[in-house]
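K.L.:
This is the content of structure22.txt (compact mmCIF, C-alpha atoms):
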# COMPACT_ATOMS: atom_id res chain seq x y z
CA MET A 69 54.54 6.15 60.78
CA SER A 70 57.03 7.11 58.04
CA THR A 71 54.55 9.67 56.63
CA LEU A 72 54.10 11.19 60.08
CA ILE A 73 57.87 11.46 60.57
CA ALA A 74 58.24 13.10 57.16
CA LEU A 75 55.56 15.68 58.01
CA GLU A 76 57.12 16.46 61.38
CA THR A 77 60.54 16.82 59.76
CA ALA A 78 59.18 19.28 57.24
CA ARG A 79 57.40 21.26 59.95
CA PHE A 80 60.15 21.58 62.54
CA GLY A 81 63.24 21.06 60.42
CA ILE A 82 64.41 18.15 62.59
CA PRO A 83 66.23 15.27 60.82
CA GLN A 84 64.23 12.09 60.40
CA TRP A 85 66.83 9.99 62.19
CA LEU A 86 66.34 12.11 65.33
CA TRP A 87 62.62 11.41 65.27
CA THR A 88 63.34 7.71 64.84
CA ILE A 89 65.74 7.67 67.80
CA GLY A 90 63.27 9.64 69.90
CA PHE A 91 60.48 7.19 69.09
CA ILE A 92 62.71 4.25 70.10
CA ILE A 93 63.63 5.97 73.38
CA VAL A 94 59.93 6.52 74.13
CA LYS A 95 59.23 2.82 73.50
CA ILE A 96 62.12 1.82 75.78
CA ALA A 97 60.80 4.11 78.52
CA VAL A 98 57.26 2.73 78.18
CA VAL A 99 58.47 -0.90 78.26
CA LEU A 100 60.85 -0.43 81.20
CA GLY A 101 58.33 1.60 83.17
CA GLY A 102 55.54 -0.90 82.56
CA VAL A 103 57.67 -3.93 83.38
CA MET A 104 59.13 -2.38 86.54
CA LEU A 105 55.60 -1.56 87.71
CA HIS A 106 54.57 -5.15 87.03
CA VAL A 107 57.67 -6.42 88.86
CA ALA A 108 56.69 -4.38 91.93
CA TYR A 109 53.11 -5.60 91.94
CA ALA A 110 54.01 -9.17 91.02
CA THR A 111 55.45 -9.38 94.53
CA TYR A 112 52.17 -8.08 95.96
CA PHE A 113 50.20 -10.52 93.79
CA GLU A 114 52.40 -13.40 94.97
CA ARG A 115 52.01 -12.58 98.65
CA LYS A 116 48.25 -12.25 98.27
CA VAL A 117 47.85 -15.49 96.29
CA ILE A 118 50.03 -17.57 98.61
CA GLY A 119 48.35 -15.98 101.63
CA ARG A 120 44.94 -17.07 100.39
CA MET A 121 46.24 -20.55 99.66
CA GLN A 122 47.53 -20.74 103.24
CA ASN A 123 44.33 -19.31 104.75
CA ARG A 124 45.69 -15.87 105.64
CA LEU A 125 45.28 -12.37 104.21
CA GLY A 126 48.72 -11.32 103.00
CA PRO A 127 49.66 -7.58 103.01
CA MET A 128 46.81 -5.49 104.43
CA VAL A 129 48.38 -2.56 106.32
CA VAL A 130 49.97 -0.12 103.83
CA GLY A 131 47.21 1.36 101.71
CA PRO A 132 43.78 -0.13 100.96
CA TYR A 133 44.13 -3.93 101.00
CA GLY A 134 47.89 -3.43 101.18
CA LEU A 135 48.12 -2.00 97.65
CA LEU A 136 50.92 0.39 98.58
CA GLN A 137 53.08 -2.34 100.15
CA PRO A 138 55.42 -2.68 97.10
CA ILE A 139 56.11 1.07 97.20
CA ALA A 140 56.82 0.92 100.94
CA ASP A 141 59.17 -2.04 100.38
CA GLY A 142 61.03 -0.11 97.68
CA ILE A 143 61.49 2.95 99.91
CA LYS A 144 62.65 0.75 102.79
CA SER A 145 65.23 -1.02 100.58
CA PHE A 146 66.53 2.29 99.22
CA PHE A 147 67.23 3.72 102.67
CA LYS A 148 68.37 0.51 104.31
CA GLU A 149 72.02 0.24 105.38
CA ASP A 150 74.27 -1.22 102.67
CA ILE A 151 76.55 -3.72 104.43
CA ILE A 152 79.67 -4.87 102.55
CA PRO A 153 81.76 -7.83 103.82
CA THR A 154 85.32 -6.86 104.75
CA ASN A 155 86.96 -9.56 102.63
CA ALA A 156 84.61 -9.29 99.63
CA ASP A 157 85.90 -8.61 96.13
CA LYS A 158 84.30 -5.19 96.14
CA PRO A 159 84.23 -4.29 92.40
CA ILE A 160 82.61 -7.61 91.49
CA PHE A 161 80.42 -7.47 94.58
CA PHE A 162 79.06 -4.10 93.41
CA MET A 163 78.72 -5.16 89.77
CA ALA A 164 76.96 -8.54 90.21
CA PRO A 165 73.39 -7.39 91.02
CA VAL A 166 73.52 -4.72 88.31
CA LEU A 167 74.74 -7.28 85.75
CA GLY A 168 71.88 -9.66 86.55
CA LEU A 169 69.21 -6.97 86.28
CA MET A 170 70.63 -5.40 83.10
CA ALA A 171 70.77 -8.77 81.35
CA ALA A 172 67.14 -9.43 82.30
CA LEU A 173 66.01 -5.98 81.15
CA SER A 174 67.91 -6.32 77.87
CA SER A 175 65.74 -9.31 76.99
CA LEU A 176 62.73 -7.00 76.82
CA ALA A 177 64.09 -5.46 73.62
CA VAL A 178 62.77 -8.32 71.47
CA VAL A 179 59.53 -9.12 73.34
CA PRO A 180 56.46 -7.92 71.35
CA PHE A 181 53.64 -6.99 73.75
CA PHE A 182 51.10 -6.54 70.98
CA ASN A 183 51.11 -6.46 67.19
CA GLY A 184 53.62 -3.88 65.97
CA PHE A 185 54.91 -2.84 69.39
CA VAL A 186 58.42 -4.16 69.93
CA ILE A 187 61.66 -2.26 70.51
CA ALA A 188 63.76 -4.43 68.14
CA ASN A 189 61.91 -6.70 65.71
CA ILE A 190 64.94 -8.83 64.81
CA ASN A 191 64.91 -12.14 62.94
CA ILE A 192 66.77 -13.99 65.70
CA GLY A 193 64.61 -12.86 68.61
CA LEU A 194 64.52 -16.23 70.34
CA LEU A 195 68.29 -16.65 70.12
CA PHE A 196 68.73 -13.18 71.63
CA LEU A 197 66.46 -14.18 74.54
CA PHE A 198 68.51 -17.32 75.16
CA ALA A 199 71.72 -15.29 75.10
CA MET A 200 70.42 -12.76 77.64
CA SER A 201 69.04 -15.46 79.94
CA SER A 202 72.47 -17.09 79.91
CA LEU A 203 74.16 -13.80 80.82
CA ALA A 204 71.74 -13.13 83.69
CA VAL A 205 73.11 -16.07 85.67
CA TYR A 206 76.54 -14.42 85.74
CA GLY A 207 75.14 -11.95 88.26
CA VAL A 208 74.19 -14.84 90.54
CA ILE A 209 77.52 -16.66 90.11
CA LEU A 210 79.69 -13.57 90.54
CA GLY A 211 77.64 -12.29 93.49
CA GLY A 212 78.09 -15.58 95.34
CA TRP A 213 81.79 -15.79 94.54
CA ALA A 214 82.63 -12.16 95.34
CA SER A 215 80.94 -12.31 98.77
CA ASN A 216 83.76 -14.51 100.13
CA SER A 217 81.25 -16.59 102.09
CA LYS A 218 80.97 -20.36 102.03
CA PHE A 219 77.17 -20.27 101.89
CA SER A 220 77.16 -17.73 99.08
CA PHE A 221 79.84 -19.63 97.18
CA LEU A 222 77.90 -22.90 97.41
CA GLY A 223 74.82 -21.07 96.10
CA SER A 224 76.77 -19.73 93.11
CA LEU A 225 78.16 -23.21 92.36
CA ARG A 226 74.66 -24.62 92.41
CA ALA A 227 73.48 -21.82 90.12
CA SER A 228 76.22 -22.49 87.55
CA ALA A 229 75.44 -26.22 87.42
CA GLN A 230 71.71 -25.55 87.33
CA VAL A 231 71.84 -23.11 84.43
CA ILE A 232 74.08 -25.43 82.39
CA SER A 233 71.69 -28.32 83.01
CA TYR A 234 68.50 -26.44 82.16
CA GLU A 235 69.63 -24.11 79.36
CA VAL A 236 69.83 -27.15 77.09
CA PRO A 237 66.24 -28.43 77.47
CA LEU A 238 64.96 -24.84 77.58
CA GLY A 239 66.37 -24.18 74.13
CA LEU A 240 65.44 -27.58 72.73
CA SER A 241 61.83 -27.21 73.92
CA LEU A 242 61.34 -24.29 71.54
CA VAL A 243 62.85 -25.99 68.48
CA GLY A 244 59.47 -27.57 67.71
CA VAL A 245 57.89 -24.09 67.72
CA MET A 246 60.62 -22.82 65.38
CA VAL A 247 60.02 -25.76 63.02
CA MET A 248 56.27 -25.17 62.94
CA ALA A 249 56.54 -21.40 62.46
CA GLY A 250 59.59 -21.52 60.17
CA SER A 251 61.10 -18.49 61.88
CA LEU A 252 63.03 -17.27 64.92
CA ASN A 253 61.26 -13.90 64.81
CA ILE A 254 58.82 -13.79 67.74
CA THR A 255 56.24 -11.67 65.89
CA ASP A 256 56.29 -14.16 63.00
CA ILE A 257 55.77 -17.02 65.47
CA VAL A 258 52.66 -15.33 66.91
CA ASN A 259 51.30 -14.61 63.42
CA ALA A 260 51.92 -18.23 62.40
CA GLN A 261 49.94 -19.41 65.41
CA SER A 262 46.97 -17.24 64.39
CA ARG A 263 46.80 -19.27 61.14
CA TYR A 264 47.09 -22.59 62.98
CA PRO A 265 43.93 -24.57 63.90
CA GLY A 266 43.06 -23.56 67.47
CA GLY A 267 45.22 -20.44 67.28
CA MET A 268 47.83 -21.82 69.72
CA TYR A 269 50.81 -24.16 69.37
CA ILE A 270 50.22 -25.68 72.80
CA THR A 271 47.82 -28.20 71.24
CA ALA A 272 50.54 -29.65 69.01
CA GLN A 273 53.53 -28.76 71.18
CA TRP A 274 52.19 -29.86 74.57
CA LEU A 275 55.31 -31.94 75.21
CA GLY A 276 57.59 -29.00 74.35
CA PHE A 277 55.43 -26.76 76.53
CA PHE A 278 55.84 -29.11 79.50
CA VAL A 279 59.63 -29.18 79.08
CA PHE A 280 59.71 -25.39 78.70
CA VAL A 281 57.67 -24.75 81.85
CA VAL A 282 59.82 -27.00 84.05
CA SER A 283 63.05 -25.61 82.57
CA ALA A 284 61.85 -22.01 82.99
CA ILE A 285 61.12 -22.59 86.68
CA ALA A 286 64.66 -23.94 87.15
CA GLU A 287 66.18 -21.19 84.99
CA THR A 288 64.63 -18.46 87.11
CA ASN A 289 65.61 -20.18 90.40
CA ARG A 290 62.02 -20.40 91.52
CA SER A 291 60.64 -22.93 93.98
CA PRO A 292 60.76 -25.95 93.95
CA PHE A 293 64.05 -25.48 92.04
CA ASP A 294 65.45 -22.60 94.12
CA LEU A 295 68.59 -24.53 95.10
CA PRO A 296 70.96 -21.51 94.71
CA GLU A 297 69.00 -19.83 97.55
CA ALA A 298 67.72 -22.73 99.73
CA GLU A 299 67.40 -20.84 103.01
CA GLN A 300 67.13 -24.04 105.08
CA GLU A 301 70.55 -25.13 103.82
CA LEU A 302 72.46 -22.00 102.77
CA ILE A 303 70.88 -19.18 104.83
CA ALA A 304 69.96 -17.31 101.62
CA GLY A 305 72.46 -18.75 99.17
CA PHE A 306 74.19 -16.49 96.69
CA PHE A 307 72.78 -13.21 98.11
CA THR A 308 73.38 -14.00 101.80
CA GLU A 309 75.81 -11.07 102.18
CA TYR A 310 73.70 -8.56 100.24
CA SER A 311 71.45 -5.98 101.86
CA GLY A 312 69.57 -2.81 101.03
CA MET A 313 69.18 -1.81 97.40
CA ARG A 314 71.69 -4.38 96.11
CA PHE A 315 69.51 -7.15 97.55
CA ALA A 316 66.49 -5.47 95.91
CA LEU A 317 68.27 -5.54 92.53
CA PHE A 318 68.64 -9.34 92.77
CA PHE A 319 64.96 -9.51 93.70
CA MET A 320 64.00 -7.35 90.70
CA ALA A 321 66.13 -9.46 88.36
CA GLU A 322 64.41 -12.66 89.52
CA TYR A 323 60.91 -11.29 89.00
CA THR A 324 61.86 -9.70 85.67
CA GLY A 325 63.17 -13.10 84.54
CA MET A 326 59.92 -14.71 85.65
CA ILE A 327 57.92 -12.19 83.59
CA ILE A 328 60.15 -12.76 80.55
CA MET A 329 59.85 -16.55 80.74
CA SER A 330 56.07 -16.22 81.10
CA SER A 331 56.06 -13.88 78.09
CA ILE A 332 57.94 -16.46 76.01
CA ALA A 333 55.40 -19.11 77.01
CA VAL A 334 52.54 -16.81 75.96
CA LEU A 335 54.17 -15.79 72.67
CA CYS A 336 55.42 -19.21 71.59
CA PHE A 337 52.71 -21.55 72.88
CA LEU A 338 49.57 -19.58 73.83
CA GLY A 339 49.04 -17.39 70.77
CA GLY A 340 50.50 -14.16 72.12
CA TRP A 341 48.12 -11.21 71.86
CA THR A 342 45.71 -13.01 69.49
CA ILE A 343 42.31 -14.47 70.40
CA PRO A 344 41.75 -18.18 69.65
CA PRO A 345 39.42 -18.46 66.60
CA PHE A 346 36.97 -20.78 68.37
CA VAL A 347 36.58 -18.26 71.21
CA LEU A 348 36.05 -15.42 68.74
CA LYS A 349 33.49 -17.51 66.86
CA MET A 350 31.48 -18.18 70.02
CA LEU A 351 31.88 -14.66 71.45
CA PRO A 352 32.46 -12.27 68.53
CA PHE A 353 32.16 -9.16 70.72
CA LEU A 354 35.55 -10.06 72.26
CA GLY A 355 37.17 -8.98 68.99
CA VAL A 356 37.10 -5.36 70.18
CA VAL A 357 39.33 -6.16 73.19
CA PRO A 358 42.87 -4.81 72.52
CA GLY A 359 45.65 -7.33 71.98
CA ILE A 360 47.67 -6.01 74.93
CA VAL A 361 44.79 -6.97 77.25
CA TRP A 362 44.83 -10.57 76.00
CA PHE A 363 48.60 -10.67 76.34
CA ILE A 364 48.52 -9.46 79.96
CA MET A 365 45.71 -11.87 80.88
CA LYS A 366 47.69 -14.84 79.51
CA LEU A 367 50.88 -13.50 81.10
CA TYR A 368 49.37 -13.36 84.59
CA MET A 369 47.86 -16.78 84.13
CA CYS A 370 51.41 -18.10 83.65
CA ILE A 371 52.74 -16.04 86.56
CA PHE A 372 49.95 -17.40 88.78
CA PHE A 373 51.22 -20.89 87.93
CA TYR A 374 54.64 -19.94 89.37
CA TYR A 375 52.97 -18.96 92.64
CA TRP A 376 50.77 -22.04 92.69
CA ILE A 377 53.79 -24.32 92.29
CA ARG A 378 55.72 -22.47 95.00
CA SER A 379 52.95 -22.91 97.56
CA THR A 380 52.34 -26.55 96.63
CA LEU A 381 55.59 -28.44 96.07
CA PRO A 382 58.54 -28.86 98.46
CA ARG A 383 62.10 -28.15 97.32
CA TYR A 384 63.79 -30.97 95.41
CA ARG A 385 67.12 -32.46 96.45
CA TYR A 386 70.05 -31.33 94.33
CA ASP A 387 70.63 -34.77 92.80
CA GLN A 388 66.94 -34.91 91.86
CA LEU A 389 67.24 -31.50 90.21
CA MET A 390 70.16 -32.65 88.07
CA ALA A 391 68.46 -35.96 87.22
CA ILE A 392 65.29 -34.24 86.01
CA GLY A 393 67.26 -31.99 83.68
CA TRP A 394 69.60 -34.54 82.11
CA LYS A 395 67.62 -37.78 82.32
CA VAL A 396 64.06 -36.58 81.72
CA LEU A 397 63.76 -33.17 80.09
CA ILE A 398 66.51 -33.46 77.47
CA PRO A 399 65.26 -36.85 76.13
CA LEU A 400 61.68 -35.52 76.07
CA SER A 401 62.70 -32.37 74.20
CA LEU A 402 64.69 -34.39 71.65
CA ALA A 403 61.71 -36.72 71.15
CA ASN A 404 59.49 -33.68 70.61
CA ILE A 405 61.85 -32.33 67.95
CA VAL A 406 61.88 -35.65 66.06
CA ILE A 407 58.09 -36.03 66.20
CA THR A 408 57.53 -32.42 65.08
CA ALA A 409 60.00 -32.72 62.19
CA VAL A 410 58.51 -36.00 60.95
CA LEU A 411 54.96 -34.63 61.07
CA LYS A 412 56.07 -31.42 59.35
CA ILE A 413 57.62 -33.42 56.48
CA LEU A 414 54.55 -35.67 56.14
CA LEU A 415 52.15 -32.73 56.14
CA HIS A 416 54.34 -30.92 53.61
CA HIS A 417 54.21 -33.89 51.22
CA THR A 418 50.41 -34.13 51.57
CA GLY A 419 50.04 -30.41 50.86
CA THR A 420 48.66 -29.54 54.31
CA PRO A 421 49.89 -26.13 55.60
What is this structure when it is put down as structure tokens?

P.N.:
Amino acid sequence: MSTLIALETARFGIPQWLWTIGFIIVKIAVVLGGVMLHVAYATYFERKVIGRMQNRLGPMVVGPYGLLQPIADGIKSFFKEDIIPTNADKPIFFMAPVLGLMAALSSLAVVPFFNGFVIANINIGLLFLFAMSSLAVYGVILGGWASNSKFSFLGSLRASAQVISYEVPLGLSLVGVMVMAGSLNITDIVNAQSRYPGGMYITAQWLGFFVFVVSAIAETNRSPFDLPEAEQELIAGFFTEYSGMRFALFFMAEYTGMIIMSSIAVLCFLGGWTIPPFVLKMLPFLGVVPGIVWFIMKLYMCIFFYYWIRSTLPRYRYDQLMAIGWKVLIPLSLANIVITAVLKILLHHTGTP
């Protein structure tokens, strides 16, 4: 890449730093465009999957098999009337959905989709993801508070308590992965898994994986932990007063968060874009399949699990939600850290990598 930039600089007389910035902008455009397309069709995928599980067809009218339904929904949201409550705190009301979506999109900067393709390959990638996921909830909290509605305000209060309760086990669940890989860099974690027997950390970190999955569902406000929305109790919760494109921004932020959490599960527990060695040994012709294809297949397997859970389990009570976070997930994640550290020390003393 550096040789190519040098040649182009010599040919066109453009400074190298401009080529570097241009290349980064192209990567940002590719990532944002790809993720937004996946966000749109994740909604279609969800409606189809849940429809089949409930013995119905899902979207079928707009386009062949309803394939153009996400585009129609986007156009409808864009032209829909934007209703603003009279007594709302208007600056915060306007800012909240944008804040939630921008925080979610910022997380994509450190997510590697295949080997060598990442916008910012920083050494604290996981910490950056935790920071952005914490900021995303501010959009929910501020949106509920600024609406000046009791239902919205109760939804934002639930969201604040929920994120505090589940940020802790979410972070602790990945400590075992950090200990095994010896790095916070996500690319290094994937490469470390490729050298591990089985090619995936889920075999050794199954307890951490369980804690992560449950915490990620709560962190993204997905059913059965969608207490900040809870339409049977709060009409629609924190976005009750939102309509039109502002409502769509909250929707996009939720699905972007779901894709990011699924990406973390793939990268930290399921080997990322790599193929498990035992699979490659049995089916060597799969080695020609690009890494991005493996990543997307694993990603949609995790996203399918979100839909499966939504159509299967009823919503938990709020006290049950809090109890699971503090009384179950945090002790399990701490136990996983202790077990992983002890085994790491023992294996180190015996000379096992």

K.L.:
For range 164-239 of chain A versus range 394-405 of chain A, which residues have an atom no more than 10 Å away, and what is each residue's nearest atom pair and distance in Å rounded to one decimal, using only C-alpha atoms, chain-then-number order, as CSV?

P.N.:
residue,atom,partner,partner_atom,distance
A:Ser233,CA,A:Trp394,CA,6.6
A:Tyr234,CA,A:Trp394,CA,8.2
A:Val236,CA,A:Ile398,CA,7.1
A:Pro237,CA,A:Ile398,CA,5.0
A:Leu238,CA,A:Ser401,CA,8.6
A:Gly239,CA,A:Ser401,CA,9.0

K.L.:
As a PyMOL selection string, please: the residues near Leu252 in chain A (cut-off 8 Å, all atoms listed in the file, same-chain neighbours under 6 positions excluded).

P.N.:
chain A and resi 191-195+246

K.L.:
Generate the output file for the selected residues, C-alpha atoms, as a PDB file, keeping the file's coordinate frame.

P.N.:
ATOM      1  CA  ASN A 191      64.910 -12.140  62.940  1.00  0.00           C
ATOM      2  CA  ILE A 192      66.770 -13.990  65.700  1.00  0.00           C
ATOM      3  CA  GLY A 193      64.610 -12.860  68.610  1.00  0.00           C
ATOM      4  CA  LEU A 194      64.520 -16.230  70.340  1.00  0.00           C
ATOM      5  CA  LEU A 195      68.290 -16.650  70.120  1.00  0.00           C
ATOM      6  CA  MET A 246      60.620 -22.820  65.380  1.00  0.00           C
TER       7      MET A 246
END

K.L.:
Looking at all atoms listed in the file, which of A:Ala156, A:Ile187, A:Trp213, A:Glu114 is the one that sits closest to Ala97 in chain A?

P.N.:
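Under the stated criterion, the closest residue is A:Ile187.
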
K.L.:
Quick one: of A:Gly250, A:Pro127, A:Gly325, A:Pro159, who's nearest to Ala409 in chain A, counting only C-alpha atoms?

P.N.:
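Checking each candidate against Ala409 in chain A, we get A:Gly250 as the closest.
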
K.L.:
Mind checking which residues fall within 10 Å of Val117 in chain A, counting only C-alpha atoms, ignoring those fewer than 5 positions away in the same chain, and posting them as a PDB file with C-alpha atoms, keeping the file's coordinate frame?

P.N.:
ATOM      1  CA  THR A 111      55.450  -9.380  94.530  1.00  0.00           C
ATOM      2  CA  TYR A 112      52.170  -8.080  95.960  1.00  0.00           C
ATOM      3  CA  GLN A 122      47.530 -20.740 103.240  1.00  0.00           C
ATOM      4  CA  ASN A 123      44.330 -19.310 104.750  1.00  0.00           C
ATOM      5  CA  ARG A 124      45.690 -15.870 105.640  1.00  0.00           C
ATOM      6  CA  LEU A 125      45.280 -12.370 104.210  1.00  0.00           C
ATOM      7  CA  GLY A 126      48.720 -11.320 103.000  1.00  0.00           C
ATOM      8  CA  PHE A 372      49.950 -17.400  88.780  1.00  0.00           C
ATOM      9  CA  TYR A 375      52.970 -18.960  92.640  1.00  0.00           C
ATOM     10  CA  TRP A 376      50.770 -22.040  92.690  1.00  0.00           C
ATOM     11  CA  SER A 379      52.950 -22.910  97.560  1.00  0.00           C
TER      12      SER A 379
END

K.L.:
With only C-alpha atoms as the atoms that count, which of A:Phe219, A:Tyr368, A:Phe146, A:Phe280 lies nearest to Met313 in chain A?

P.N.:
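Counting only C-alpha atoms, the residue closest to Met313 in chain A is A:Phe146.
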
K.L.:
Have a look at CA of Val243 in chain A and CA of Thr408 in chain A and let me know their distance in Å, one decimal.

P.N.:
9.0 Å

K.L.:
Could you check how far CA of Tyr386 in chain A sits from CA of Gly305 in chain A, in Å to one decimal?

P.N.:
13.7 Å

K.L.:
Go through A:Ser217, A:Gln230, A:Ser175, A:Ser145 one by one, measure the shortest atom-to-atom distance of each to Glu287 in chain A using all atoms listed in the file, and give the residue with the smallest value.

P.N.:
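Of all the options, A:Gln230 lies closest to Glu287 in chain A.
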
K.L.:
Take CA of Val205 in chain A and CA of Thr288 in chain A and report the distance between them in Å, one decimal.

P.N.:
8.9 Å

K.L.:
Go through A:Ser215, A:Ser174, A:Ser220, A:Thr271 and flag the residue nearest Ala304 in chain A, using all atoms listed in the file for the distances.

P.N.:
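Nearest to Ala304 in chain A: A:Ser220.
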
K.L.:
Which polymer residues have any atom within 8 Å of an atom of Pro344 in chain A, counting only C-alpha atoms, with same-chain residues fewer than 6 positions away left out, as a list of chain:residue names?

P.N.:
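Listing them by chain and then by number gives A:Ser262, A:Gly266, A:Gly267, A:Met268.
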
K.L.:
Considering all atoms listed in the file, state which residue in the set A:Leu173, A:Val130, A:Phe373, A:Leu135 is at the smallest distance from Lys116 in chain A.

P.N.:
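Using all atoms listed in the file, the shortest distance to Lys116 in chain A belongs to A:Leu135.
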
K.L.:
List every residue of range 352-392 of chain A that has an atom at most 9 Å from any atom of range 295-303 of chain A, and for each one report the closest atom pair and its distance in Å to one decimal, counting all atoms listed in the file, with rows sorted by chain and then by increasing residue number, as a tab-separated table.

P.N.:
residue	atom	partner	partner_atom	distance
A:Arg383	CA	A:Leu295	CA	7.8
A:Tyr384	CA	A:Leu295	CA	8.0
A:Arg385	CA	A:Leu295	CA	8.2
A:Tyr386	CA	A:Leu295	CA	7.0
A:Leu389	CA	A:Leu295	CA	8.6

K.L.:
Which residues, written as a ChimeraX atom specification, have at least one atom at most 10 Å from Tyr269 in chain A, with only C-alpha atoms counted and residues fewer than 4 positions away on the same chain left out?

P.N.:
/A:244-245,248-249,257-258,260-262,264-265,273-274,276-277,335-339

K.L.:
Neighbours of Leu317 in chain A within 6 Å (all atoms listed in the file; same-chain residues fewer than 3 positions away dropped), as JSON, numbers by chain?

P.N.:
{"A": [165, 314, 320]}

K.L.:
Got a sec to check which residues sit within 10 Å of (53.0, -11.4, 63.7), counting only C-alpha atoms, and write them as number ranges by chain?

P.N.:
A: 180, 182-184, 253-262, 340-342

K.L.:
Would you place a box with edges along x, y and z of the file around all atoms of range 198-215 of chain A listed there, add 5 Å to each of its six sides, and report the centre and edge lengths in Å to one decimal, as AutoDock Vina command-line options?

P.N.:
--center_x 75.6 --center_y -14.6 --center_z 86.9 --size_x 24.1 --size_y 15.4 --size_z 33.7
